Amino acid sequence: MENSIVKLRGYKDGLHLIITPKVDLVEVETAINKLLEGMNQPLSGTSIHIDLTTSPLTSDDMKELETYLTENYDLVVSGVNILDENDESPILAAPATHSIAPNLQADDQPDFGQAKIVRQTIRSGQTTSCLTGSVLIYGDVNPGGEVVASGDIIVLGALRGNAHAGAHGKLSSVIIAMELVPLQLQIGTYVNRPPLGQKSRGYPEIARVGAEDVIIVEEFIKFN
Amino acid sequence: MGKVIVITSGKGGVGKTTSTANLGTALAMISKKVVIIDADVGLRNLDVVMGLESRVVYTSMDVIEKRCELEKALVKDRRVEDLFLLAASQRNRKDDIKPEQMLDICERLKEIYDFVLVDSPAGIEQGFHNAAAGAEEAIIITTPDVSAIRDADRIIGLLQNQDIEPINLILNRLSPTLVKKGNMISKNDVLDILNIDLLGIVPEDPGVIASTNRGVPLVHNDGSPGADAYMRIARRMIGQRVPIPEMRDDNFFSNILKWFSRNK
Ligand SMILES: Nc1ncnc2c1ncn2[C@@H]1O[C@H](COP(=O)(O)OP(=O)(O)OP(=O)(O)O)[C@@H](O)[C@H]1O
Ligand SMILES: [Mg+2]
């Protein structure tokens, strides 16, 4: 998903769209399109910062870019940081590990408190996402359905589709389901594909990132 | 005021047209006034399955484009009273019909008829949306295989977004022998995932193909397992409490027959 013109990064204050200097609006929009279309987690409704260094984009360009992001991707631009090339910007001057893989630094992220409660089954082709916290589902997540949360995902039913917790990199996020028989689990950047056709074990289970940096699944007894 | 019910599936070839023809006929056989609408524009075949192909003069497109009155476009069935077909145009494409036009036709028909059944095309594109446009209820047809169930699930989500309710399920082509051997997804597995009410189970029945080819819906053929299943479903549709027999073992068909004669 690396894209040299635009990058999407999660920081403490939310998502940042970082635009490389010296490209014109058309190139930027094409790159954004490629970046966002290639993502499997829709960002719909999310607010986003735009960071640019000295760039040929005019303020009219910026207005157009905002409209483009809103109309095509339902993103809310919450701020534009125009950074001087020599500026010690918090973003560009951040240590490499941080800017390349913010996911690995995850636990310094605040626990976003805005949970989302869904009172229906997420069916094939449907997606529900909460990029401000956890998702609680009173229902199932069927094969072909998808849940994305920046926090935890709790399914009070069968999780048979895809779930991505800690979508901004919070690796302490967990996925809990009454029946955990997913097609695919993701926590932060870690992916887990259980063997096909596995049956529910008949008790609630929890998936989390374990010591060996793999997603482990075990019986859910209680939060600790 | 009648009911408009769309019969749909997502996946193709799972038995929508077969079910529309048989349920329409079965409902008319139990004295309901019924219109079946072929909404599979461009690939019409409900008229063929009904054996009415040669009688189709006008189609829904002629009604929409005001070349003829709605009443005149309805083809009367030869075998049962009060059963009519509104055929689809073969020349037009699925997006030639607009949802509001479909809605208008359905609204007018339900003033007069007890049941308006709409045979939907496969897929989730415009043709499906047109078929569903006039419906307040839906019957989902699925076969017990993973891809049909996945598509059914997708369709249920779309219908729920349009406030179509209730959405009931017909599980078609279930083979009790295969389920018993563990080679087929069982009824309970399907219901677990789709989580909607089961209207009925239609077993795999070679009689279906024979009846399709003859243009005589199976329900005319008393005693075949498929025909009995469709008759029971029709009775449930008019509010009668008819239990769904469990498919337990290889003697399923004889069990059904026993059960049926006991309840006659
Ligand atoms: N219960 C059954 N037992 C055996 N054969 C069946 C059964 N139901 C349907 N079939 C056969 O399956 C084929 C497809 O059926 P049908 O045309 O009704 O499906 P459809 O969902 O309308 O297809 P399409 O999506 O192409 O419109 C036909 O050949 C039919 O005879
Ligand atoms: Mg058909």
# chains A, B, ... in the order shown; residues from 1 in each chain; ligands from 1

$ residues_near_ligand --ligand "ligand 1" --cutoff "10 Å" --atoms "only C-alpha atoms and all ligand atoms" --output "NGL selection string"
:B and (7-22 or 38-40 or 43-46 or 49 or 119-123 or 141-143 or 171-175 or 201-213 or 218 or 225-227 or 229-230)

$ interface_residues --of "chain B" --to "chain A" --cutoff "12 Å" --atoms "only C-alpha atoms" --output "ChimeraX atom specification"
/B:10,124,146-161,185,189-190,192-196

$ residues_around --residues "Leu199 in chain B" --least-positions-apart "6" --cutoff "6 Å" --atoms "only C-alpha atoms" --output "list in words"
Asn168, Leu169 and Ile170 of chain B

$ residues_around --residues "Leu65 in chain A" --least-positions-apart "3" --cutoff "9 Å" --atoms "only C-alpha atoms" --output "list of chain:residue names"
A:Leu25, A:Val28, A:Glu29, A:Asp60, A:Asp61, A:Met62, A:Tyr68, A:Leu69, A:Thr70

$ write_last_selection --atoms "N, CA, C and O atoms" --output "PDB file, in the first residue's frame"
ATOM      1  N   LEU A  25      -2.324  18.990  -8.580  1.00  0.00           N
ATOM      2  CA  LEU A  25      -3.559  18.482  -8.003  1.00  0.00           C
ATOM      3  C   LEU A  25      -4.004  17.158  -8.636  1.00  0.00           C
ATOM      4  O   LEU A  25      -4.426  16.236  -7.951  1.00  0.00           O
ATOM      5  N   VAL A  28      -2.036  14.372  -7.323  1.00  0.00           N
ATOM      6  CA  VAL A  28      -2.409  14.092  -5.938  1.00  0.00           C
ATOM      7  C   VAL A  28      -3.711  13.301  -5.889  1.00  0.00           C
ATOM      8  O   VAL A  28      -3.818  12.290  -5.203  1.00  0.00           O
ATOM      9  N   GLU A  29      -4.693  13.761  -6.676  1.00  0.00           N
ATOM     10  CA  GLU A  29      -5.980  13.074  -6.643  1.00  0.00           C
ATOM     11  C   GLU A  29      -5.876  11.640  -7.148  1.00  0.00           C
ATOM     12  O   GLU A  29      -6.468  10.726  -6.593  1.00  0.00           O
ATOM     13  N   ASP A  60      -6.896  27.418  -3.788  1.00  0.00           N
ATOM     14  CA  ASP A  60      -8.019  26.903  -4.574  1.00  0.00           C
ATOM     15  C   ASP A  60      -7.900  25.388  -4.746  1.00  0.00           C
ATOM     16  O   ASP A  60      -8.877  24.653  -4.628  1.00  0.00           O
ATOM     17  N   ASP A  61      -6.667  24.960  -5.031  1.00  0.00           N
ATOM     18  CA  ASP A  61      -6.411  23.521  -5.141  1.00  0.00           C
ATOM     19  C   ASP A  61      -6.823  22.817  -3.857  1.00  0.00           C
ATOM     20  O   ASP A  61      -7.417  21.743  -3.877  1.00  0.00           O
ATOM     21  N   MET A  62      -6.471  23.420  -2.730  1.00  0.00           N
ATOM     22  CA  MET A  62      -6.773  22.791  -1.448  1.00  0.00           C
ATOM     23  C   MET A  62      -8.282  22.669  -1.245  1.00  0.00           C
ATOM     24  O   MET A  62      -8.772  21.665  -0.756  1.00  0.00           O
ATOM     25  N   TYR A  68     -13.058  16.996  -3.040  1.00  0.00           N
ATOM     26  CA  TYR A  68     -12.802  15.681  -3.633  1.00  0.00           C
ATOM     27  C   TYR A  68     -12.847  14.589  -2.564  1.00  0.00           C
ATOM     28  O   TYR A  68     -13.477  13.547  -2.725  1.00  0.00           O
ATOM     29  N   LEU A  69     -12.191  14.856  -1.425  1.00  0.00           N
ATOM     30  CA  LEU A  69     -12.142  13.859  -0.349  1.00  0.00           C
ATOM     31  C   LEU A  69     -13.526  13.643   0.257  1.00  0.00           C
ATOM     32  O   LEU A  69     -13.905  12.524   0.589  1.00  0.00           O
ATOM     33  N   THR A  70     -14.272  14.729   0.379  1.00  0.00           N
ATOM     34  CA  THR A  70     -15.594  14.616   0.983  1.00  0.00           C
ATOM     35  C   THR A  70     -16.551  13.884   0.049  1.00  0.00           C
ATOM     36  O   THR A  70     -17.232  12.954   0.450  1.00  0.00           O
TER      37      THR A  70
END

$ residues_around --residues "range 103-105 of chain B" --least-positions-apart "5" --cutoff "10 Å" --atoms "only C-alpha atoms" --output "CSV table (one decimal) with all heavy atoms, in the first residue's frame"
chain,number,residue,atom,x,y,z
B,4,VAL,N,-47.7,-7.7,-2.7
B,4,VAL,CA,-46.7,-7.8,-3.8
B,4,VAL,C,-45.4,-8.5,-3.2
B,4,VAL,O,-44.9,-8.0,-2.2
B,4,VAL,CB,-46.3,-6.5,-4.4
B,4,VAL,CG1,-45.3,-6.7,-5.5
B,4,VAL,CG2,-47.6,-5.8,-4.9
B,37,ILE,N,-45.4,-11.8,-12.4
B,37,ILE,CA,-44.7,-10.9,-13.2
B,37,ILE,C,-43.3,-11.4,-13.5
B,37,ILE,O,-42.6,-11.7,-12.6
B,37,ILE,CB,-44.6,-9.5,-12.6
B,37,ILE,CG1,-46.0,-8.9,-12.3
B,37,ILE,CG2,-43.9,-8.5,-13.5
B,37,ILE,CD1,-46.0,-7.5,-11.6
B,60,SER,N,-44.7,-6.1,-20.2
B,60,SER,CA,-44.8,-5.0,-19.3
B,60,SER,C,-44.3,-3.7,-20.0
B,60,SER,O,-44.7,-2.6,-19.7
B,60,SER,CB,-44.0,-5.3,-18.1
B,60,SER,OG,-42.7,-5.8,-18.4
B,63,VAL,N,-47.0,-1.9,-21.7
B,63,VAL,CA,-47.8,-1.2,-20.7
B,63,VAL,C,-47.1,0.1,-20.3
B,63,VAL,O,-47.7,1.2,-20.3
B,63,VAL,CB,-48.0,-2.0,-19.4
B,63,VAL,CG1,-48.9,-1.3,-18.4
B,63,VAL,CG2,-48.7,-3.3,-19.8
B,64,ILE,N,-45.8,0.0,-20.0
B,64,ILE,CA,-45.1,1.2,-19.6
B,64,ILE,C,-45.0,2.3,-20.7
B,64,ILE,O,-45.2,3.4,-20.5
B,64,ILE,CB,-43.6,0.8,-19.2
B,64,ILE,CG1,-43.7,0.1,-17.9
B,64,ILE,CG2,-42.7,2.0,-19.1
B,64,ILE,CD1,-42.4,-0.7,-17.6
B,70,LEU,N,-53.0,-2.2,-19.1
B,70,LEU,CA,-52.4,-3.2,-18.2
B,70,LEU,C,-53.2,-4.5,-18.3
B,70,LEU,O,-52.7,-5.6,-18.4
B,70,LEU,CB,-52.3,-2.7,-16.7
B,70,LEU,CG,-51.8,-3.6,-15.7
B,70,LEU,CD1,-50.5,-4.2,-16.0
B,70,LEU,CD2,-51.8,-2.9,-14.3
B,98,LYS,N,-37.9,1.4,-15.3
B,98,LYS,CA,-37.5,2.2,-14.1
B,98,LYS,C,-38.3,1.7,-12.9
B,98,LYS,O,-39.4,1.3,-13.0
B,98,LYS,CB,-37.8,3.7,-14.4
B,98,LYS,CG,-37.2,4.2,-15.6
B,98,LYS,CD,-36.7,5.6,-15.5
B,98,LYS,CE,-35.8,6.0,-16.6
B,98,LYS,NZ,-35.9,5.1,-17.8
B,110,LYS,N,-52.2,-4.9,-7.3
B,110,LYS,CA,-52.6,-5.4,-6.0
B,110,LYS,C,-54.0,-4.8,-5.5
B,110,LYS,O,-54.5,-5.3,-4.6
B,110,LYS,CB,-51.5,-5.1,-5.0
B,110,LYS,CG,-51.4,-3.7,-4.4
B,110,LYS,CD,-50.4,-3.7,-3.3
B,110,LYS,CE,-50.4,-2.3,-2.6
B,110,LYS,NZ,-49.2,-2.0,-1.8
B,130,ASN,N,-35.2,-3.2,-9.9
B,130,ASN,CA,-36.5,-3.0,-10.5
B,130,ASN,C,-37.5,-4.0,-10.0
B,130,ASN,O,-38.7,-3.7,-9.7
B,130,ASN,CB,-36.4,-3.1,-12.0
B,130,ASN,CG,-35.7,-1.9,-12.6
B,130,ASN,OD1,-35.6,-0.8,-12.0
B,130,ASN,ND2,-35.1,-2.1,-13.8
B,131,ALA,N,-37.1,-5.3,-9.9
B,131,ALA,CA,-38.0,-6.3,-9.5
B,131,ALA,C,-38.5,-6.1,-8.1
B,131,ALA,O,-39.7,-6.3,-7.8
B,131,ALA,CB,-37.3,-7.7,-9.6
B,132,ALA,N,-37.6,-5.5,-7.2
B,132,ALA,CA,-38.0,-5.3,-5.8
B,132,ALA,C,-38.8,-4.0,-5.6
B,132,ALA,O,-39.3,-3.8,-4.6
B,132,ALA,CB,-36.7,-5.3,-5.0
B,133,ALA,N,-38.8,-3.2,-6.6
B,133,ALA,CA,-39.3,-1.8,-6.4
B,133,ALA,C,-40.7,-1.8,-6.0
B,133,ALA,O,-41.1,-0.9,-5.2
B,133,ALA,CB,-39.1,-1.0,-7.7
B,134,GLY,N,-41.5,-2.7,-6.5
B,134,GLY,CA,-43.0,-2.6,-6.1
B,134,GLY,C,-43.3,-3.6,-5.0
B,134,GLY,O,-44.5,-3.7,-4.6
B,135,ALA,N,-42.3,-4.2,-4.4
B,135,ALA,CA,-42.6,-5.3,-3.4
B,135,ALA,C,-42.6,-4.8,-2.0
B,135,ALA,O,-41.8,-3.9,-1.7
B,135,ALA,CB,-41.6,-6.4,-3.6

$ select_by_dssp --residues "range 13-121 of chain B" --states "helix (DSSP H, G or I)" --output "MDAnalysis selection string"
chainID B and resid 16:29 46:49 53:55 60:64 70:73 94:96 99:112

$ closest_residue --among "B:Glu71, B:Val35, B:Ile5, B:Val41" --to "ligand 2" --atoms "only C-alpha atoms and all ligand atoms"
B:Val41

$ atom_distance --atom1 "CA of Leu117 in chain B" --atom2 "CA of Glu69 in chain B"
19.6 Å

$ residues_around --residues "Val155 in chain A" --least-positions-apart "5" --cutoff "7 Å" --atoms "only C-alpha atoms" --output "ChimeraX atom specification"
/A:136-140,176-178

$ residues_around --residues "Asn92 in chain B" --least-positions-apart "3" --cutoff "7 Å" --atoms "only C-alpha atoms" --output "list in words"
Val41, Gly42, Ser89 and Asp96 of chain B

$ decode --residues "range 115-205 of chain B" --atoms "C-alpha atoms" --output "short mmCIF file (atom, residue, chain, number, x, y, z; two decimals), in the first residue's frame"
data_model
loop_
_atom_site.label_atom_id
_atom_site.label_comp_id
_atom_site.auth_asym_id
_atom_site.auth_seq_id
_atom_site.Cartn_x
_atom_site.Cartn_y
_atom_site.Cartn_z
CA PHE B 115 -51.03 -12.03 -4.75
CA VAL B 116 -48.62 -10.37 -7.16
CA LEU B 117 -45.46 -12.48 -7.41
CA VAL B 118 -42.45 -10.91 -9.12
CA ASP B 119 -39.82 -13.24 -10.61
CA SER B 120 -36.54 -11.36 -10.21
CA PRO B 121 -33.49 -11.71 -12.42
CA ALA B 122 -30.26 -12.97 -10.83
CA GLY B 123 -27.71 -10.47 -9.62
CA ILE B 124 -27.76 -7.33 -7.53
CA GLU B 125 -27.86 -4.86 -10.39
CA GLN B 126 -30.63 -2.66 -11.73
CA GLY B 127 -32.79 -5.61 -12.79
CA PHE B 128 -32.97 -6.83 -9.20
CA HIS B 129 -33.75 -3.35 -7.94
CA ASN B 130 -36.54 -2.98 -10.49
CA ALA B 131 -38.04 -6.32 -9.52
CA ALA B 132 -38.00 -5.33 -5.85
CA ALA B 133 -39.27 -1.80 -6.44
CA GLY B 134 -42.95 -2.63 -6.12
CA ALA B 135 -42.61 -5.30 -3.45
CA GLU B 136 -43.44 -5.05 0.22
CA GLU B 137 -42.39 -8.60 1.00
CA ALA B 138 -39.75 -10.97 -0.35
CA ILE B 139 -39.13 -14.66 -0.72
CA ILE B 140 -35.47 -15.60 -0.95
CA ILE B 141 -34.64 -18.77 -2.82
CA THR B 142 -31.40 -20.49 -2.00
CA THR B 143 -29.87 -23.87 -2.60
CA PRO B 144 -27.75 -25.48 0.10
CA ASP B 145 -24.38 -24.41 -1.24
CA VAL B 146 -21.96 -21.84 0.07
CA SER B 147 -22.08 -19.42 -2.83
CA ALA B 148 -25.88 -19.37 -3.11
CA ILE B 149 -26.13 -18.75 0.64
CA ARG B 150 -23.57 -15.97 0.47
CA ASP B 151 -25.52 -14.26 -2.31
CA ALA B 152 -28.81 -14.77 -0.47
CA ASP B 153 -27.27 -13.08 2.55
CA ARG B 154 -26.17 -10.17 0.41
CA ILE B 155 -29.66 -9.81 -1.06
CA ILE B 156 -31.28 -9.96 2.37
CA GLY B 157 -29.10 -7.04 3.47
CA LEU B 158 -30.14 -5.03 0.42
CA LEU B 159 -33.83 -5.81 0.92
CA GLN B 160 -33.67 -4.90 4.60
CA ASN B 161 -32.20 -1.54 3.65
CA GLN B 162 -35.31 -0.99 1.54
CA ASP B 163 -37.56 -1.89 4.46
CA ILE B 164 -38.91 -4.95 2.72
CA GLU B 165 -40.40 -7.09 5.46
CA PRO B 166 -41.03 -9.94 6.03
CA ILE B 167 -38.29 -11.69 4.10
CA ASN B 168 -38.87 -15.43 4.08
CA LEU B 169 -36.72 -18.27 2.87
CA ILE B 170 -37.28 -21.21 0.57
CA LEU B 171 -34.52 -23.77 0.65
CA ASN B 172 -34.56 -25.45 -2.74
CA ARG B 173 -32.99 -28.68 -4.02
CA LEU B 174 -32.23 -30.12 -0.63
CA SER B 175 -31.29 -33.74 -0.92
CA PRO B 176 -31.94 -35.61 2.32
CA THR B 177 -29.57 -38.42 1.38
CA LEU B 178 -26.68 -36.03 0.92
CA VAL B 179 -27.42 -34.14 4.12
CA LYS B 180 -27.48 -37.38 6.01
CA LYS B 181 -24.12 -38.37 4.61
CA GLY B 182 -22.76 -35.01 5.71
CA ASN B 183 -22.13 -33.98 2.12
CA MET B 184 -24.57 -31.13 2.09
CA ILE B 185 -25.11 -28.05 4.19
CA SER B 186 -28.08 -28.77 6.42
CA LYS B 187 -31.23 -26.75 6.88
CA ASN B 188 -30.06 -25.59 10.30
CA ASP B 189 -26.71 -24.42 8.97
CA VAL B 190 -28.48 -22.30 6.38
CA LEU B 191 -30.94 -20.85 8.88
CA ASP B 192 -28.11 -20.12 11.32
CA ILE B 193 -26.41 -17.88 8.82
CA LEU B 194 -29.35 -16.25 7.08
CA ASN B 195 -31.41 -15.85 10.23
CA ILE B 196 -34.77 -15.30 8.52
CA ASP B 197 -37.97 -17.34 8.72
CA LEU B 198 -38.13 -20.55 6.75
CA LEU B 199 -41.17 -20.65 4.50
CA GLY B 200 -40.44 -24.13 3.20
CA ILE B 201 -38.07 -26.70 1.85
CA VAL B 202 -38.33 -28.00 -1.70
CA PRO B 203 -36.47 -31.26 -2.21
CA GLU B 204 -34.37 -32.10 -5.22
CA ASP B 205 -36.96 -33.51 -7.60
#
